[in-house]
Structure formats: structure tokens, C-alpha cells
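What follows is the content of work-v6.cif, which has mmCIF, N, CA and C atoms:
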```cif
data_my_file
loop_
_atom_site.label_atom_id
_atom_site.label_comp_id
_atom_site.auth_asym_id
_atom_site.auth_seq_id
_atom_site.Cartn_x
_atom_site.Cartn_y
_atom_site.Cartn_z
N MET A 3 -35.30 -176.94 95.84
CA MET A 3 -35.39 -175.58 96.32
C MET A 3 -36.32 -175.46 97.52
N LYS A 4 -37.31 -176.33 97.60
CA LYS A 4 -38.23 -176.27 98.74
C LYS A 4 -37.51 -176.61 100.03
N LEU A 5 -36.57 -177.54 99.96
CA LEU A 5 -35.82 -177.92 101.16
C LEU A 5 -34.96 -176.75 101.64
N LEU A 6 -34.37 -176.03 100.74
CA LEU A 6 -33.57 -174.86 101.10
C LEU A 6 -34.43 -173.81 101.78
N ARG A 7 -35.63 -173.58 101.25
CA ARG A 7 -36.53 -172.61 101.88
C ARG A 7 -36.94 -173.07 103.27
N LEU A 8 -37.16 -174.38 103.44
CA LEU A 8 -37.52 -174.91 104.75
C LEU A 8 -36.39 -174.72 105.75
N ILE A 9 -35.16 -175.00 105.33
CA ILE A 9 -34.01 -174.83 106.21
C ILE A 9 -33.85 -173.37 106.61
N GLU A 10 -34.01 -172.46 105.67
CA GLU A 10 -33.91 -171.03 105.98
C GLU A 10 -35.02 -170.60 106.93
N PHE A 11 -36.23 -171.11 106.72
CA PHE A 11 -37.34 -170.78 107.61
C PHE A 11 -37.06 -171.27 109.03
N LEU A 12 -36.59 -172.50 109.16
CA LEU A 12 -36.30 -173.05 110.48
C LEU A 12 -35.16 -172.30 111.15
N ARG A 13 -34.18 -171.87 110.37
CA ARG A 13 -33.07 -171.12 110.94
C ARG A 13 -33.53 -169.74 111.43
N ARG A 14 -34.44 -169.12 110.69
CA ARG A 14 -34.96 -167.81 111.12
C ARG A 14 -35.80 -167.93 112.39
N HIS A 15 -36.47 -169.06 112.57
CA HIS A 15 -37.35 -169.26 113.72
C HIS A 15 -36.77 -170.31 114.67
N LEU A 16 -35.48 -170.22 114.95
CA LEU A 16 -34.78 -171.22 115.74
C LEU A 16 -35.34 -171.33 117.16
N ARG A 17 -35.65 -170.23 117.78
CA ARG A 17 -36.18 -170.26 119.15
C ARG A 17 -37.51 -171.00 119.20
N ALA A 18 -38.37 -170.78 118.22
CA ALA A 18 -39.66 -171.49 118.18
C ALA A 18 -39.45 -172.98 117.93
N VAL A 19 -38.47 -173.33 117.11
CA VAL A 19 -38.18 -174.74 116.85
C VAL A 19 -37.70 -175.43 118.12
N ILE A 20 -36.83 -174.77 118.86
CA ILE A 20 -36.31 -175.34 120.11
C ILE A 20 -37.45 -175.51 121.11
N TYR A 21 -38.28 -174.50 121.28
CA TYR A 21 -39.41 -174.61 122.22
C TYR A 21 -40.40 -175.68 121.77
N GLY A 22 -40.61 -175.81 120.49
CA GLY A 22 -41.50 -176.84 119.98
C GLY A 22 -40.96 -178.24 120.26
N CYS A 23 -39.67 -178.44 120.05
CA CYS A 23 -39.06 -179.75 120.33
C CYS A 23 -39.11 -180.06 121.82
N LEU A 24 -38.86 -179.07 122.66
CA LEU A 24 -38.95 -179.28 124.11
C LEU A 24 -40.38 -179.60 124.53
N ALA A 25 -41.35 -178.96 123.92
CA ALA A 25 -42.75 -179.24 124.25
C ALA A 25 -43.13 -180.66 123.86
N VAL A 26 -42.66 -181.11 122.70
CA VAL A 26 -42.93 -182.49 122.28
C VAL A 26 -42.26 -183.47 123.24
N LEU A 27 -41.04 -183.18 123.67
CA LEU A 27 -40.35 -184.05 124.61
C LEU A 27 -41.09 -184.14 125.94
N VAL A 28 -41.54 -183.00 126.46
CA VAL A 28 -42.30 -183.00 127.71
C VAL A 28 -43.60 -183.77 127.55
N LEU A 29 -44.27 -183.58 126.44
CA LEU A 29 -45.51 -184.31 126.19
C LEU A 29 -45.28 -185.82 126.14
N LEU A 30 -44.21 -186.25 125.49
CA LEU A 30 -43.91 -187.68 125.41
C LEU A 30 -43.57 -188.27 126.77
N VAL A 31 -42.85 -187.52 127.60
CA VAL A 31 -42.53 -188.00 128.95
C VAL A 31 -43.80 -188.09 129.78
N LEU A 32 -44.69 -187.12 129.63
CA LEU A 32 -45.95 -187.17 130.37
C LEU A 32 -46.82 -188.36 129.92
N VAL A 33 -46.86 -188.60 128.63
CA VAL A 33 -47.62 -189.75 128.13
C VAL A 33 -47.00 -191.05 128.63
N ASP A 34 -45.68 -191.08 128.72
CA ASP A 34 -44.98 -192.26 129.22
C ASP A 34 -45.29 -192.49 130.71
N ALA A 35 -45.58 -191.43 131.43
CA ALA A 35 -45.85 -191.55 132.87
C ALA A 35 -47.26 -192.07 133.15
N VAL A 36 -48.17 -191.96 132.19
CA VAL A 36 -49.55 -192.42 132.40
C VAL A 36 -49.63 -193.92 132.07
N PRO A 37 -50.01 -194.75 133.06
CA PRO A 37 -50.01 -196.20 132.82
C PRO A 37 -51.04 -196.66 131.79
N VAL A 38 -52.04 -195.85 131.49
CA VAL A 38 -53.06 -196.25 130.51
C VAL A 38 -52.45 -196.34 129.11
N PHE A 39 -51.52 -195.46 128.80
CA PHE A 39 -50.94 -195.39 127.45
C PHE A 39 -49.78 -196.36 127.25
N VAL A 40 -48.96 -196.56 128.28
CA VAL A 40 -47.77 -197.40 128.15
C VAL A 40 -47.83 -198.50 129.21
N ASN A 41 -47.87 -199.74 128.76
CA ASN A 41 -47.91 -200.88 129.65
C ASN A 41 -46.49 -201.27 130.03
N LYS A 42 -46.14 -201.10 131.31
CA LYS A 42 -44.78 -201.39 131.75
C LYS A 42 -44.71 -202.66 132.60
N THR A 43 -45.69 -203.50 132.51
CA THR A 43 -45.68 -204.71 133.32
C THR A 43 -44.62 -205.70 132.84
N HIS A 44 -44.23 -205.63 131.58
CA HIS A 44 -43.24 -206.56 131.04
C HIS A 44 -41.88 -205.90 130.85
N ALA A 45 -41.61 -204.86 131.62
CA ALA A 45 -40.31 -204.20 131.53
C ALA A 45 -39.22 -205.15 132.03
N HIS A 46 -38.07 -205.09 131.40
CA HIS A 46 -36.99 -206.00 131.73
C HIS A 46 -36.18 -205.54 132.94
N THR A 47 -36.07 -204.23 133.16
CA THR A 47 -35.29 -203.71 134.28
C THR A 47 -36.14 -202.74 135.08
N LYS A 48 -35.67 -202.43 136.29
CA LYS A 48 -36.40 -201.48 137.14
C LYS A 48 -36.32 -200.06 136.58
N ALA A 49 -35.24 -199.78 135.86
CA ALA A 49 -35.08 -198.44 135.30
C ALA A 49 -36.15 -198.12 134.26
N GLU A 50 -36.67 -199.14 133.60
CA GLU A 50 -37.69 -198.92 132.57
C GLU A 50 -39.01 -198.45 133.16
N HIS A 51 -39.19 -198.56 134.46
CA HIS A 51 -40.41 -198.08 135.10
C HIS A 51 -40.37 -196.57 135.34
N ILE A 52 -39.21 -195.97 135.21
CA ILE A 52 -39.06 -194.53 135.41
C ILE A 52 -39.59 -193.80 134.18
N PRO A 53 -40.50 -192.84 134.37
CA PRO A 53 -41.02 -192.10 133.20
C PRO A 53 -39.91 -191.32 132.50
N GLY A 54 -39.84 -191.46 131.21
CA GLY A 54 -38.84 -190.75 130.42
C GLY A 54 -37.47 -191.40 130.42
N PHE A 55 -37.38 -192.62 130.92
CA PHE A 55 -36.07 -193.29 130.97
C PHE A 55 -35.46 -193.42 129.58
N TRP A 56 -36.23 -193.89 128.62
CA TRP A 56 -35.68 -194.12 127.29
C TRP A 56 -35.33 -192.82 126.59
N ALA A 57 -36.04 -191.74 126.89
CA ALA A 57 -35.68 -190.44 126.31
C ALA A 57 -34.34 -189.98 126.86
N ALA A 58 -34.15 -190.11 128.18
CA ALA A 58 -32.88 -189.72 128.78
C ALA A 58 -31.75 -190.63 128.32
N PHE A 59 -32.03 -191.93 128.24
CA PHE A 59 -31.03 -192.89 127.78
C PHE A 59 -30.59 -192.56 126.35
N GLY A 60 -31.54 -192.27 125.48
CA GLY A 60 -31.21 -191.93 124.10
C GLY A 60 -30.41 -190.65 123.99
N PHE A 61 -30.76 -189.66 124.81
CA PHE A 61 -30.01 -188.39 124.79
C PHE A 61 -28.57 -188.60 125.24
N VAL A 62 -28.39 -189.34 126.34
CA VAL A 62 -27.04 -189.59 126.85
C VAL A 62 -26.24 -190.41 125.84
N ALA A 63 -26.86 -191.41 125.22
CA ALA A 63 -26.16 -192.22 124.23
C ALA A 63 -25.74 -191.37 123.03
N CYS A 64 -26.62 -190.51 122.58
CA CYS A 64 -26.30 -189.64 121.44
C CYS A 64 -25.16 -188.68 121.79
N ALA A 65 -25.21 -188.10 122.98
CA ALA A 65 -24.15 -187.18 123.41
C ALA A 65 -22.81 -187.91 123.51
N LEU A 66 -22.83 -189.14 124.03
CA LEU A 66 -21.59 -189.92 124.12
C LEU A 66 -21.04 -190.26 122.74
N ILE A 67 -21.90 -190.58 121.79
CA ILE A 67 -21.44 -190.87 120.43
C ILE A 67 -20.76 -189.64 119.83
N VAL A 68 -21.33 -188.47 120.04
CA VAL A 68 -20.74 -187.24 119.50
C VAL A 68 -19.40 -186.97 120.17
N LEU A 69 -19.33 -187.09 121.49
CA LEU A 69 -18.09 -186.80 122.20
C LEU A 69 -16.98 -187.80 121.85
N VAL A 70 -17.32 -189.07 121.76
CA VAL A 70 -16.32 -190.08 121.42
C VAL A 70 -15.84 -189.90 119.98
N SER A 71 -16.75 -189.58 119.06
CA SER A 71 -16.33 -189.38 117.68
C SER A 71 -15.45 -188.14 117.54
N LYS A 72 -15.73 -187.10 118.31
CA LYS A 72 -14.86 -185.92 118.29
C LYS A 72 -13.49 -186.26 118.85
N ALA A 73 -13.45 -187.07 119.91
CA ALA A 73 -12.16 -187.47 120.47
C ALA A 73 -11.36 -188.29 119.47
N PHE A 74 -12.02 -189.22 118.76
CA PHE A 74 -11.34 -189.99 117.72
C PHE A 74 -10.81 -189.07 116.62
N GLY A 75 -11.61 -188.10 116.25
CA GLY A 75 -11.18 -187.17 115.21
C GLY A 75 -9.96 -186.38 115.61
N HIS A 76 -9.94 -185.88 116.82
CA HIS A 76 -8.79 -185.09 117.27
C HIS A 76 -7.59 -185.97 117.60
N ALA A 77 -7.81 -187.26 117.80
CA ALA A 77 -6.71 -188.17 118.12
C ALA A 77 -5.92 -188.58 116.89
N GLY A 78 -6.37 -188.26 115.71
CA GLY A 78 -5.57 -188.59 114.54
C GLY A 78 -6.33 -188.89 113.28
N ILE A 79 -7.63 -189.04 113.34
CA ILE A 79 -8.39 -189.32 112.13
C ILE A 79 -8.47 -188.08 111.25
N MET A 80 -8.65 -186.92 111.86
CA MET A 80 -8.72 -185.69 111.07
C MET A 80 -7.32 -185.32 110.59
N THR A 81 -7.26 -184.73 109.44
CA THR A 81 -5.99 -184.29 108.88
C THR A 81 -6.16 -182.87 108.37
N ARG A 82 -5.07 -182.25 108.05
CA ARG A 82 -5.15 -180.86 107.59
C ARG A 82 -5.83 -180.80 106.22
N GLU A 83 -6.33 -179.64 105.86
CA GLU A 83 -7.11 -179.49 104.62
C GLU A 83 -6.27 -179.67 103.36
N ASP A 84 -5.01 -179.32 103.42
CA ASP A 84 -4.17 -179.41 102.22
C ASP A 84 -3.38 -180.72 102.15
N TYR A 85 -3.89 -181.76 102.76
CA TYR A 85 -3.20 -183.05 102.82
C TYR A 85 -2.94 -183.62 101.42
N TYR A 86 -3.92 -183.53 100.54
CA TYR A 86 -3.79 -184.12 99.20
C TYR A 86 -3.12 -183.18 98.19
N ASP A 87 -2.83 -181.97 98.59
CA ASP A 87 -2.23 -181.01 97.65
C ASP A 87 -0.75 -181.28 97.40
N GLU A 88 -0.11 -182.00 98.25
CA GLU A 88 1.34 -182.22 98.08
C GLU A 88 1.67 -183.19 96.99
#
```

Let me see the structure of the file written as C-alpha cells.
Amino acid sequence: MKLLRLIEFLRRHLRAVIYGCLAVLVLLVLVDAVPVFVNKTHAHTKAEHIPGFWAAFGFVACALIVLVSKAFGHAGIMTREDYYDE
């Protein structure tokens, strides 16, 4: 029951949750930009020297996974709801 109350609380305060997540993301990108906190001397590619590269890479990868899975679903994996009723 505590989980249900937490979900309802987060749903009621959705704008604050979104702003909080964005603030954490900005803070992590800023920390990534400071060379004292993150040592990038052993980076494998030049792109890894860009602050926030892995955050952007993860977001794009996640969005692609969602879009590709939706395309697979609409291409034939999904079926009508009454499929097993016949």
C-alpha cells in the first residue's frame, strides 16, 4: 500500500517531479564538465570528452529502443484483444 501512495503522490506532483529530474540531469552534466570530478584522460573516443555525452547517448538509445519496439509491435507482434476468445 505504501507504493500505491507513493505513485499517487508523484502523479499529483508531476510538474515538481519533472523539474527535479531535470535539475539532477543539469547537475550531473555540470559535474561531468569539471575535470576535478571526472578524469577523461583515458577516454576511448573524442566524443567522450564532451560534457554530458553519455547522458545524451543514453537518452537517444532509450528513445530508439522505444521507437523500434513500437514499430515491431505495430508490424505484427501485437494482436487484437479478443484473439484467444475464439

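Between CA of Gly54 (chain A) and CA of Arg17 (chain A) lies a distance of 23.5 Å.
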
Handout entry: Selection as an MDAnalysis selection string: residues within 12 Å of (-43.6, -186.5, 131.5), counting only C-alpha atoms
Key = chainID A and resid 24:37 52:58

Export of the given selection (N, CA and C atoms) as a JSON list (two decimals), keeping the file's coordinate frame:
```
[["chain", "number", "residue", "atom", "x", "y", "z"],
["A", 24, "LEU", "N", -38.86, -179.07, 122.66],
["A", 24, "LEU", "CA", -38.95, -179.28, 124.11],
["A", 24, "LEU", "C", -40.38, -179.60, 124.53],
["A", 25, "ALA", "N", -41.35, -178.96, 123.92],
["A", 25, "ALA", "CA", -42.75, -179.24, 124.25],
["A", 25, "ALA", "C", -43.13, -180.66, 123.86],
["A", 26, "VAL", "N", -42.66, -181.11, 122.70],
["A", 26, "VAL", "CA", -42.93, -182.49, 122.28],
["A", 26, "VAL", "C", -42.26, -183.47, 123.24],
["A", 27, "LEU", "N", -41.04, -183.18, 123.67],
["A", 27, "LEU", "CA", -40.35, -184.05, 124.61],
["A", 27, "LEU", "C", -41.09, -184.14, 125.94],
["A", 28, "VAL", "N", -41.54, -183.00, 126.46],
["A", 28, "VAL", "CA", -42.30, -183.00, 127.71],
["A", 28, "VAL", "C", -43.60, -183.77, 127.55],
["A", 29, "LEU", "N", -44.27, -183.58, 126.44],
["A", 29, "LEU", "CA", -45.51, -184.31, 126.19],
["A", 29, "LEU", "C", -45.28, -185.82, 126.14],
["A", 30, "LEU", "N", -44.21, -186.25, 125.49],
["A", 30, "LEU", "CA", -43.91, -187.68, 125.41],
["A", 30, "LEU", "C", -43.57, -188.27, 126.77],
["A", 31, "VAL", "N", -42.85, -187.52, 127.60],
["A", 31, "VAL", "CA", -42.53, -188.00, 128.95],
["A", 31, "VAL", "C", -43.80, -188.09, 129.78],
["A", 32, "LEU", "N", -44.69, -187.12, 129.63],
["A", 32, "LEU", "CA", -45.95, -187.17, 130.37],
["A", 32, "LEU", "C", -46.82, -188.36, 129.92],
["A", 33, "VAL", "N", -46.86, -188.60, 128.63],
["A", 33, "VAL", "CA", -47.62, -189.75, 128.13],
["A", 33, "VAL", "C", -47.00, -191.05, 128.63],
["A", 34, "ASP", "N", -45.68, -191.08, 128.72],
["A", 34, "ASP", "CA", -44.98, -192.26, 129.22],
["A", 34, "ASP", "C", -45.29, -192.49, 130.71],
["A", 35, "ALA", "N", -45.58, -191.43, 131.43],
["A", 35, "ALA", "CA", -45.85, -191.55, 132.87],
["A", 35, "ALA", "C", -47.26, -192.07, 133.15],
["A", 36, "VAL", "N", -48.17, -191.96, 132.19],
["A", 36, "VAL", "CA", -49.55, -192.42, 132.40],
["A", 36, "VAL", "C", -49.63, -193.92, 132.07],
["A", 37, "PRO", "N", -50.01, -194.75, 133.06],
["A", 37, "PRO", "CA", -50.01, -196.20, 132.82],
["A", 37, "PRO", "C", -51.04, -196.66, 131.79],
["A", 52, "ILE", "N", -39.21, -195.97, 135.21],
["A", 52, "ILE", "CA", -39.06, -194.53, 135.41],
["A", 52, "ILE", "C", -39.59, -193.80, 134.18],
["A", 53, "PRO", "N", -40.50, -192.84, 134.37],
["A", 53, "PRO", "CA", -41.02, -192.10, 133.20],
["A", 53, "PRO", "C", -39.91, -191.32, 132.50],
["A", 54, "GLY", "N", -39.84, -191.46, 131.21],
["A", 54, "GLY", "CA", -38.84, -190.75, 130.42],
["A", 54, "GLY", "C", -37.47, -191.40, 130.42],
["A", 55, "PHE", "N", -37.38, -192.62, 130.92],
["A", 55, "PHE", "CA", -36.07, -193.29, 130.97],
["A", 55, "PHE", "C", -35.46, -193.42, 129.58],
["A", 56, "TRP", "N", -36.23, -193.89, 128.62],
["A", 56, "TRP", "CA", -35.68, -194.12, 127.29],
["A", 56, "TRP", "C", -35.33, -192.82, 126.59],
["A", 57, "ALA", "N", -36.04, -191.74, 126.89],
["A", 57, "ALA", "CA", -35.68, -190.44, 126.31],
["A", 57, "ALA", "C", -34.34, -189.98, 126.86],
["A", 58, "ALA", "N", -34.15, -190.11, 128.18],
["A", 58, "ALA", "CA", -32.88, -189.72, 128.78],
["A", 58, "ALA", "C", -31.75, -190.63, 128.32]]
```

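Between CA of Val19 (chain A) and atom C of Leu5 (chain A) lies a distance of 15.7 Å.
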
Problem - Residues flagged helix (DSSP H, G or I) by DSSP in chain A, as a ChimeraX atom specification - result: /A:4-14,16-35,48-51,55-79,85-87

Exercise for the section: Calculate how many Å separate atom C of Ala45 (chain A) from atom N of Phe59 (chain A), rounding to one decimal. Expected result: 15.5 Å
